[in-house]
Amino acid sequence: MSEATAPRRWQQFMAVAQQAASQHTPLESSGKLIRLAGLVLEAQGVKVPVGSQCVIDMPADPDTAVLAEVVGFNGERAFLMPAGEVQGLSSGARVRPLPPYRPQPRLGQPLKPLAPNDRGVLRLPLGRGLLGRVVDAHGHPLDHRGPLQHIEVEPMERAPINSMDRAPVRQPLDTGVRAINALLTVGRGQRLGLFAGSGVGKSVLLGMMARFTQADVIVVGLIGERGREVKEFIEDILGEEGLRRSVVVAAPADSPPLVRMQGANYATAIAEKFRDDGLDVLLLMDSLSRYAMAQREIALAIGEPPATKGYPPSCFAKLPQLVERSGNGPEGKGSITAFYTVLSEGDDQQDPIADAARAILDGHIVLSRAMAESGVYPAIDIEASASRVMHNVVTPQHQERARRYRQLYSRYQKSRDLIQLGAYVAGSDPETDQAIALFPGMQRFLMQDMREKAAFAASVTQLGQALGLSAGDDKARAAQKPAGGARAATGRPA
């Protein structure tokens, strides 16, 4: 440092120090650990609001601490749920709020003041530096590729979007899956549930959409699943090409319940950050049921009474709070198209979590075990599945084709037993005769290899071919329909 620049550098340093000294810094309140029962820690003396993060110092190792979140209180006692191992904690351990995050200022730059409620707020890395990376629920890299670069540490609490400010769902989204593109068309910004039991191809279908969907960024949240599946999903299903534009957040089944819930919230926050930057995001979360189960563990541990199948009321309140964060942003901003897998225990579609998720989502795709056992992949049950915004994003001709496919498919399924037994007499019903003739092609239409991509336009064309239609048939049908009207304008039934 030259003699001419030394005084100026010292003046800048003293200005930053004076500004830091003049700011109001609240005294840190701390308490002590008085009880550990099951999953819940009880602390006395620390007074922070519910949802705040606390640090519990390990008495045996001063350099080690346990992160915990305040999930409730009773009088002067605060209930905390740990986000790590509690082995080594003892009664009387110090409990203090999480210190506020403040980046190190550079010389010559003003010091950013702290907000009054900044203490105890969880902040995690967000931004484009996460692309191509695999992180845990705390934002720590799991892929052995070094520290994260080009990221911003921001709070996880984000203000909700006014419902009147959201852009409506009006554009179709090409998922690369033929059955979904043609029969269950997804709109950009839509939120759908993928309902299935175990072992019927949920992960493979998610991987196909991650590789083939037309989106700027893919955010994958692997919540509460087996740890073995994390690496297999990334290497075998997602692939190098899919990972290049993806962010994977992994919170496996052996993680504490708070970490599993935090992983789902972190994946959603990453998607929200990219949406705010004007990008179209595909959010794949596997699974929403594990998120609800984690909330059930926490709620029951702090004494909340169980309701349906052991799920306390807070579980059903948490689901819409998570799901409503996805969707379209304001006009001119980006979008989050979300797929949430829902594990139907025992293939029961009336499972309380499945029933609650079906009510708050914009559609549901049901995977059939019977179809999977017969070798039809992806095993999408067209009769039980629905897309609630399809009529807003497709043409009337496309809507008519999908409706006709459902009619013939359902007609064949209802007569399936008679047909297989040879009891059905040809000519008894013209609709059934046509369904029998077209069914082999209709079933081939549903089948797709996991490495095969089906474009949106090609899927619609192949749908017509499966129905035995040609381009001339479509023109003739269009000429017979009257011009104008609600159906011609929007594709909705008049």
# chains A, B, ... in the order shown; residues from 1 in each chain; ligands from 1
>>> select_by_dssp(residues="region 296-425 of chain A", states="alpha helix (DSSP H)", output="JSON, numbers by chain")
{"A": [296, 297, 298, 299, 300, 301, 313, 314, 315, 316, 317, 318, 319, 320, 321, 322, 323, 352, 353, 354, 355, 356, 357, 358, 359, 360, 369, 370, 371, 372, 373, 390, 391, 392, 393, 396, 397, 398, 399, 400, 401, 402, 403, 404, 405, 406, 407, 408, 409, 410, 411, 412, 413, 414, 416, 417, 418, 419, 420, 421]}
>>> write_last_selection(atoms="C-alpha atoms", output="short mmCIF file (atom, residue, chain, number, x, y, z; two decimals), in the first residue's frame")
data_model
loop_
_atom_site.label_atom_id
_atom_site.label_comp_id
_atom_site.auth_asym_id
_atom_site.auth_seq_id
_atom_site.Cartn_x
_atom_site.Cartn_y
_atom_site.Cartn_z
CA ARG A 296 -47.40 -35.41 11.57
CA GLU A 297 -44.32 -36.53 13.52
CA ILE A 298 -43.67 -32.98 14.71
CA ALA A 299 -47.28 -32.21 15.59
CA LEU A 300 -47.81 -35.42 17.53
CA ALA A 301 -44.52 -34.96 19.37
CA PRO A 313 -55.19 -30.79 11.66
CA SER A 314 -51.93 -28.88 11.14
CA CYS A 315 -50.93 -31.38 8.41
CA PHE A 316 -53.90 -30.40 6.26
CA ALA A 317 -53.12 -26.71 6.87
CA LYS A 318 -49.46 -27.10 5.82
CA LEU A 319 -50.23 -28.71 2.45
CA PRO A 320 -51.91 -25.68 0.80
CA GLN A 321 -49.30 -23.36 2.32
CA LEU A 322 -46.62 -25.28 0.42
CA VAL A 323 -48.54 -25.89 -2.81
CA PRO A 352 -56.58 -38.60 3.71
CA ILE A 353 -53.45 -36.96 2.29
CA ALA A 354 -54.32 -38.06 -1.25
CA ASP A 355 -57.85 -36.75 -0.85
CA ALA A 356 -56.64 -33.42 0.57
CA ALA A 357 -54.01 -33.02 -2.18
CA ARG A 358 -56.54 -33.78 -4.91
CA ALA A 359 -58.70 -30.91 -3.66
CA ILE A 360 -55.96 -28.25 -3.68
CA ARG A 369 -50.68 -51.02 -10.59
CA ALA A 370 -52.71 -53.29 -12.86
CA MET A 371 -51.38 -51.51 -15.95
CA ALA A 372 -47.83 -51.66 -14.62
CA GLU A 373 -48.15 -55.39 -13.97
CA MET A 390 -56.76 -28.56 -20.27
CA HIS A 391 -59.80 -26.83 -21.78
CA ASN A 392 -58.01 -23.47 -21.38
CA VAL A 393 -54.81 -24.42 -23.20
CA PRO A 396 -61.43 -27.45 -29.65
CA GLN A 397 -60.22 -30.10 -32.12
CA HIS A 398 -57.68 -31.40 -29.58
CA GLN A 399 -60.30 -31.37 -26.83
CA GLU A 400 -62.68 -33.37 -29.01
CA ARG A 401 -60.03 -35.97 -29.78
CA ALA A 402 -59.19 -36.45 -26.10
CA ARG A 403 -62.89 -36.76 -25.20
CA ARG A 404 -63.44 -39.35 -27.93
CA TYR A 405 -60.40 -41.34 -26.79
CA ARG A 406 -61.75 -41.46 -23.24
CA GLN A 407 -65.17 -42.60 -24.45
CA LEU A 408 -63.82 -45.50 -26.48
CA TYR A 409 -61.25 -46.48 -23.85
CA SER A 410 -63.90 -46.53 -21.12
CA ARG A 411 -66.34 -48.46 -23.33
CA TYR A 412 -63.74 -51.19 -23.89
CA GLN A 413 -62.83 -51.41 -20.19
CA LYS A 414 -66.49 -51.83 -19.19
CA ARG A 416 -63.48 -56.20 -21.07
CA ASP A 417 -64.65 -59.27 -19.14
CA LEU A 418 -67.29 -60.15 -21.73
CA ILE A 419 -64.78 -59.70 -24.54
CA GLN A 420 -62.14 -61.89 -22.91
CA LEU A 421 -64.67 -64.63 -22.15
#
>>> residues_around(residues="Ser326 (chain A)", least_positions_apart="3", cutoff="9 Å", atoms="only C-alpha atoms", output="PDB file with N, CA, C and O atoms, in the first residue's frame")
ATOM      1  N   GLY A 189     -47.544 -23.247 -15.476  1.00  0.00           N
ATOM      2  CA  GLY A 189     -47.973 -22.667 -14.213  1.00  0.00           C
ATOM      3  C   GLY A 189     -48.986 -23.521 -13.476  1.00  0.00           C
ATOM      4  O   GLY A 189     -49.451 -23.125 -12.406  1.00  0.00           O
ATOM      5  N   GLN A 190     -49.309 -24.694 -14.011  1.00  0.00           N
ATOM      6  CA  GLN A 190     -50.287 -25.577 -13.375  1.00  0.00           C
ATOM      7  C   GLN A 190     -49.609 -26.408 -12.284  1.00  0.00           C
ATOM      8  O   GLN A 190     -48.392 -26.620 -12.301  1.00  0.00           O
ATOM      9  N   ARG A 191     -50.401 -26.890 -11.330  1.00  0.00           N
ATOM     10  CA  ARG A 191     -49.896 -27.739 -10.246  1.00  0.00           C
ATOM     11  C   ARG A 191     -50.679 -29.039 -10.250  1.00  0.00           C
ATOM     12  O   ARG A 191     -51.897 -29.030 -10.104  1.00  0.00           O
ATOM     13  N   THR A 268     -38.879 -25.361  -2.924  1.00  0.00           N
ATOM     14  CA  THR A 268     -39.862 -24.392  -3.405  1.00  0.00           C
ATOM     15  C   THR A 268     -39.279 -22.986  -3.450  1.00  0.00           C
ATOM     16  O   THR A 268     -39.550 -22.219  -4.385  1.00  0.00           O
ATOM     17  N   ALA A 271     -37.173 -22.597  -6.529  1.00  0.00           N
ATOM     18  CA  ALA A 271     -38.024 -22.395  -7.701  1.00  0.00           C
ATOM     19  C   ALA A 271     -38.597 -20.979  -7.720  1.00  0.00           C
ATOM     20  O   ALA A 271     -38.688 -20.350  -8.786  1.00  0.00           O
ATOM     21  N   GLU A 272     -38.983 -20.454  -6.563  1.00  0.00           N
ATOM     22  CA  GLU A 272     -39.509 -19.088  -6.507  1.00  0.00           C
ATOM     23  C   GLU A 272     -38.461 -18.062  -6.919  1.00  0.00           C
ATOM     24  O   GLU A 272     -38.777 -17.072  -7.586  1.00  0.00           O
ATOM     25  N   LEU A 283     -41.014 -27.754 -11.208  1.00  0.00           N
ATOM     26  CA  LEU A 283     -40.741 -28.225  -9.863  1.00  0.00           C
ATOM     27  C   LEU A 283     -41.276 -29.646  -9.721  1.00  0.00           C
ATOM     28  O   LEU A 283     -42.474 -29.884  -9.890  1.00  0.00           O
ATOM     29  N   LEU A 322     -47.745 -24.913   1.277  1.00  0.00           N
ATOM     30  CA  LEU A 322     -46.617 -25.277   0.422  1.00  0.00           C
ATOM     31  C   LEU A 322     -46.990 -25.219  -1.051  1.00  0.00           C
ATOM     32  O   LEU A 322     -46.262 -24.653  -1.876  1.00  0.00           O
ATOM     33  N   VAL A 323     -48.145 -25.783  -1.406  1.00  0.00           N
ATOM     34  CA  VAL A 323     -48.537 -25.893  -2.815  1.00  0.00           C
ATOM     35  C   VAL A 323     -48.821 -24.527  -3.421  1.00  0.00           C
ATOM     36  O   VAL A 323     -48.476 -24.261  -4.584  1.00  0.00           O
ATOM     37  N   GLY A 329     -46.313 -16.435 -11.754  1.00  0.00           N
ATOM     38  CA  GLY A 329     -46.057 -15.189 -11.074  1.00  0.00           C
ATOM     39  C   GLY A 329     -46.907 -14.083 -11.667  1.00  0.00           C
ATOM     40  O   GLY A 329     -47.841 -14.334 -12.440  1.00  0.00           O
ATOM     41  N   SER A 335     -42.754 -18.556 -14.241  1.00  0.00           N
ATOM     42  CA  SER A 335     -43.794 -19.489 -13.797  1.00  0.00           C
ATOM     43  C   SER A 335     -43.143 -20.685 -13.122  1.00  0.00           C
ATOM     44  O   SER A 335     -41.965 -20.986 -13.339  1.00  0.00           O
ATOM     45  N   ILE A 336     -43.940 -21.374 -12.293  1.00  0.00           N
ATOM     46  CA  ILE A 336     -43.532 -22.639 -11.681  1.00  0.00           C
ATOM     47  C   ILE A 336     -44.616 -23.658 -11.988  1.00  0.00           C
ATOM     48  O   ILE A 336     -45.737 -23.551 -11.479  1.00  0.00           O
ATOM     49  N   THR A 337     -44.318 -24.607 -12.846  1.00  0.00           N
ATOM     50  CA  THR A 337     -45.202 -25.732 -13.096  1.00  0.00           C
ATOM     51  C   THR A 337     -44.745 -26.871 -12.181  1.00  0.00           C
ATOM     52  O   THR A 337     -43.599 -27.301 -12.249  1.00  0.00           O
ATOM     53  N   ALA A 338     -45.625 -27.332 -11.314  1.00  0.00           N
ATOM     54  CA  ALA A 338     -45.220 -28.242 -10.245  1.00  0.00           C
ATOM     55  C   ALA A 338     -45.924 -29.587 -10.371  1.00  0.00           C
ATOM     56  O   ALA A 338     -47.123 -29.649 -10.665  1.00  0.00           O
TER      57      ALA A 338
END
>>> atom_distance(atom1="CA of Leu131 (chain A)", atom2="CA of Arg244 (chain A)")
6.7 Å
>>> residues_around(residues="Asn328 (chain A)", least_positions_apart="2", cutoff="12 Å", atoms="only C-alpha atoms", output="ChimeraX atom specification")
/A:161-171,187-191,271-272,274-276,278-282,324-326,330-338
>>> write_last_selection(atoms="N, CA, C and O atoms", output="short mmCIF file (atom, residue, chain, number, x, y, z; two decimals), in the first residue's frame")
data_model
loop_
_atom_site.label_atom_id
_atom_site.label_comp_id
_atom_site.auth_asym_id
_atom_site.auth_seq_id
_atom_site.Cartn_x
_atom_site.Cartn_y
_atom_site.Cartn_z
N ILE A 161 -47.95 -14.22 -3.08
CA ILE A 161 -48.40 -13.41 -4.21
C ILE A 161 -49.90 -13.22 -4.13
O ILE A 161 -50.65 -14.17 -3.87
N ASN A 162 -50.35 -12.00 -4.35
CA ASN A 162 -51.78 -11.73 -4.39
C ASN A 162 -52.43 -12.55 -5.51
O ASN A 162 -51.92 -12.58 -6.63
N SER A 163 -53.52 -13.20 -5.20
CA SER A 163 -54.17 -14.06 -6.20
C SER A 163 -54.58 -13.28 -7.44
O SER A 163 -54.56 -13.81 -8.56
N MET A 164 -54.93 -12.01 -7.29
CA MET A 164 -55.35 -11.21 -8.43
C MET A 164 -54.17 -10.75 -9.28
O MET A 164 -54.36 -10.28 -10.40
N ASP A 165 -52.95 -10.90 -8.75
CA ASP A 165 -51.77 -10.50 -9.51
C ASP A 165 -51.18 -11.64 -10.32
O ASP A 165 -50.31 -11.41 -11.17
N ARG A 166 -51.62 -12.87 -10.06
CA ARG A 166 -51.08 -14.01 -10.79
C ARG A 166 -51.58 -14.03 -12.23
O ARG A 166 -52.75 -13.76 -12.49
N ALA A 167 -50.68 -14.37 -13.13
CA ALA A 167 -51.08 -14.55 -14.53
C ALA A 167 -51.87 -15.84 -14.67
O ALA A 167 -51.53 -16.85 -14.05
N PRO A 168 -52.95 -15.85 -15.47
CA PRO A 168 -53.72 -17.09 -15.64
C PRO A 168 -52.96 -18.12 -16.45
O PRO A 168 -52.01 -17.81 -17.17
N VAL A 169 -53.38 -19.38 -16.32
CA VAL A 169 -52.76 -20.49 -17.07
C VAL A 169 -53.39 -20.51 -18.45
O VAL A 169 -54.57 -20.85 -18.61
N ARG A 170 -52.62 -20.17 -19.46
CA ARG A 170 -53.15 -20.08 -20.83
C ARG A 170 -52.28 -20.76 -21.87
O ARG A 170 -52.68 -20.90 -23.01
N GLN A 171 -51.07 -21.18 -21.53
CA GLN A 171 -50.16 -21.77 -22.50
C GLN A 171 -49.92 -23.24 -22.18
O GLN A 171 -49.66 -23.59 -21.02
N GLY A 187 -50.81 -27.08 -18.42
CA GLY A 187 -50.61 -25.67 -18.71
C GLY A 187 -49.41 -25.14 -17.94
O GLY A 187 -49.10 -25.59 -16.84
N ARG A 188 -48.73 -24.18 -18.55
CA ARG A 188 -47.57 -23.58 -17.89
C ARG A 188 -48.03 -22.83 -16.64
O ARG A 188 -48.83 -21.90 -16.73
N GLY A 189 -47.54 -23.25 -15.48
CA GLY A 189 -47.97 -22.67 -14.21
C GLY A 189 -48.99 -23.52 -13.48
O GLY A 189 -49.45 -23.12 -12.41
N GLN A 190 -49.31 -24.69 -14.01
CA GLN A 190 -50.29 -25.58 -13.37
C GLN A 190 -49.61 -26.41 -12.28
O GLN A 190 -48.39 -26.62 -12.30
N ARG A 191 -50.40 -26.89 -11.33
CA ARG A 191 -49.90 -27.74 -10.25
C ARG A 191 -50.68 -29.04 -10.25
O ARG A 191 -51.90 -29.03 -10.10
N ALA A 271 -37.17 -22.60 -6.53
CA ALA A 271 -38.02 -22.39 -7.70
C ALA A 271 -38.60 -20.98 -7.72
O ALA A 271 -38.69 -20.35 -8.79
N GLU A 272 -38.98 -20.45 -6.56
CA GLU A 272 -39.51 -19.09 -6.51
C GLU A 272 -38.46 -18.06 -6.92
O GLU A 272 -38.78 -17.07 -7.59
N PHE A 274 -35.95 -18.48 -9.06
CA PHE A 274 -35.81 -18.51 -10.52
C PHE A 274 -37.05 -17.90 -11.19
O PHE A 274 -36.94 -17.23 -12.22
N ARG A 275 -38.24 -18.13 -10.62
CA ARG A 275 -39.45 -17.52 -11.18
C ARG A 275 -39.40 -16.00 -11.09
O ARG A 275 -39.77 -15.30 -12.04
N ASP A 276 -38.91 -15.49 -9.97
CA ASP A 276 -38.80 -14.04 -9.83
C ASP A 276 -37.81 -13.45 -10.83
O ASP A 276 -37.91 -12.26 -11.16
N GLY A 278 -37.77 -14.31 -13.85
CA GLY A 278 -38.41 -14.36 -15.15
C GLY A 278 -38.27 -15.66 -15.89
O GLY A 278 -38.57 -15.73 -17.09
N LEU A 279 -37.86 -16.74 -15.22
CA LEU A 279 -37.66 -18.03 -15.87
C LEU A 279 -38.87 -18.94 -15.66
O LEU A 279 -39.61 -18.78 -14.69
N ASP A 280 -39.04 -19.88 -16.59
CA ASP A 280 -40.08 -20.89 -16.47
C ASP A 280 -39.47 -22.12 -15.79
O ASP A 280 -38.52 -22.73 -16.30
N VAL A 281 -40.03 -22.49 -14.64
CA VAL A 281 -39.45 -23.52 -13.78
C VAL A 281 -40.37 -24.73 -13.74
O VAL A 281 -41.60 -24.59 -13.71
N LEU A 282 -39.78 -25.91 -13.76
CA LEU A 282 -40.51 -27.16 -13.51
C LEU A 282 -40.08 -27.67 -12.15
O LEU A 282 -38.90 -27.97 -11.93
N GLU A 324 -49.45 -23.63 -2.66
CA GLU A 324 -49.83 -22.33 -3.20
C GLU A 324 -48.64 -21.44 -3.53
O GLU A 324 -48.80 -20.41 -4.19
N ARG A 325 -47.46 -21.81 -3.09
CA ARG A 325 -46.28 -21.01 -3.42
C ARG A 325 -45.85 -21.19 -4.87
O ARG A 325 -45.14 -20.34 -5.42
N SER A 326 -46.24 -22.31 -5.49
CA SER A 326 -45.91 -22.53 -6.90
C SER A 326 -47.00 -21.91 -7.76
O SER A 326 -47.97 -21.34 -7.29
N PRO A 330 -46.63 -12.83 -11.32
CA PRO A 330 -47.36 -11.71 -11.93
C PRO A 330 -47.15 -11.66 -13.44
O PRO A 330 -46.24 -12.30 -13.98
N GLU A 331 -47.99 -10.89 -14.12
CA GLU A 331 -47.90 -10.76 -15.57
C GLU A 331 -46.50 -10.31 -15.97
O GLU A 331 -45.95 -9.36 -15.42
N GLY A 332 -45.93 -11.02 -16.95
CA GLY A 332 -44.60 -10.68 -17.43
C GLY A 332 -43.47 -11.34 -16.67
O GLY A 332 -42.31 -11.21 -17.06
N LYS A 333 -43.79 -12.04 -15.58
CA LYS A 333 -42.76 -12.75 -14.81
C LYS A 333 -42.72 -14.21 -15.23
O LYS A 333 -43.38 -14.63 -16.19
N GLY A 334 -41.97 -14.99 -14.49
CA GLY A 334 -41.83 -16.41 -14.81
C GLY A 334 -42.97 -17.24 -14.26
O GLY A 334 -44.02 -16.73 -13.85
N SER A 335 -42.75 -18.56 -14.24
CA SER A 335 -43.79 -19.49 -13.80
C SER A 335 -43.14 -20.68 -13.12
O SER A 335 -41.97 -20.99 -13.34
N ILE A 336 -43.94 -21.37 -12.29
CA ILE A 336 -43.53 -22.64 -11.68
C ILE A 336 -44.62 -23.66 -11.99
O ILE A 336 -45.74 -23.55 -11.48
N THR A 337 -44.32 -24.61 -12.85
CA THR A 337 -45.20 -25.73 -13.10
C THR A 337 -44.74 -26.87 -12.18
O THR A 337 -43.60 -27.30 -12.25
N ALA A 338 -45.62 -27.33 -11.31
CA ALA A 338 -45.22 -28.24 -10.25
C ALA A 338 -45.92 -29.59 -10.37
O ALA A 338 -47.12 -29.65 -10.67
#
>>> atom_distance(atom1="CA of His364 (chain A)", atom2="CA of Gly310 (chain A)")
24.2 Å
>>> select_by_dssp(residues="region 14-179 of chain A", states="strand (DSSP E)", output="ChimeraX atom specification")
/A:31-37,40-44,53-57,65-74,77-82,94-97,123-126,133-135,152-155,172-173
>>> residues_around(residues="region 36-44 of chain A", least_positions_apart="2", cutoff="6 Å", atoms="only C-alpha atoms", output="VMD selection string")
chain A and resid 31 to 34 46 77 to 81
>>> residues_around(residues="region 140-148 of chain A", least_positions_apart="5", cutoff="9 Å", atoms="only C-alpha atoms", output="list in words")
Pro125, Gly129, Leu130, Arg133, Val134, Val135 and Ala250 of chain A
>>> write_last_selection(atoms="N, CA, C and O atoms", output="short mmCIF file (atom, residue, chain, number, x, y, z; two decimals), in the first residue's frame")
data_model
loop_
_atom_site.label_atom_id
_atom_site.label_comp_id
_atom_site.auth_asym_id
_atom_site.auth_seq_id
_atom_site.Cartn_x
_atom_site.Cartn_y
_atom_site.Cartn_z
N PRO A 125 -28.69 -20.59 0.66
CA PRO A 125 -28.21 -20.11 -0.63
C PRO A 125 -29.24 -20.30 -1.75
O PRO A 125 -29.87 -21.35 -1.85
N GLY A 129 -26.07 -20.20 -9.21
CA GLY A 129 -24.95 -21.05 -8.86
C GLY A 129 -25.36 -22.44 -8.41
O GLY A 129 -24.51 -23.33 -8.30
N LEU A 130 -26.66 -22.65 -8.17
CA LEU A 130 -27.15 -23.97 -7.76
C LEU A 130 -27.40 -24.89 -8.95
O LEU A 130 -27.61 -26.09 -8.76
N ARG A 133 -26.19 -28.69 -9.42
CA ARG A 133 -25.67 -29.12 -8.13
C ARG A 133 -26.72 -29.94 -7.37
O ARG A 133 -27.92 -29.84 -7.62
N VAL A 134 -26.20 -30.74 -6.42
CA VAL A 134 -27.03 -31.53 -5.52
C VAL A 134 -26.72 -31.06 -4.10
O VAL A 134 -25.57 -31.11 -3.67
N VAL A 135 -27.73 -30.57 -3.40
CA VAL A 135 -27.54 -30.01 -2.06
C VAL A 135 -28.51 -30.67 -1.09
O VAL A 135 -29.50 -31.31 -1.50
N ALA A 250 -31.97 -32.88 -1.67
CA ALA A 250 -32.19 -34.22 -1.13
C ALA A 250 -32.30 -34.17 0.39
O ALA A 250 -31.40 -33.65 1.06
#
>>> closest_residue(among="A:Val230, A:Ala269, A:Ala68, A:Ala215", to="Pro252 (chain A)", atoms="only C-alpha atoms")
A:Val230
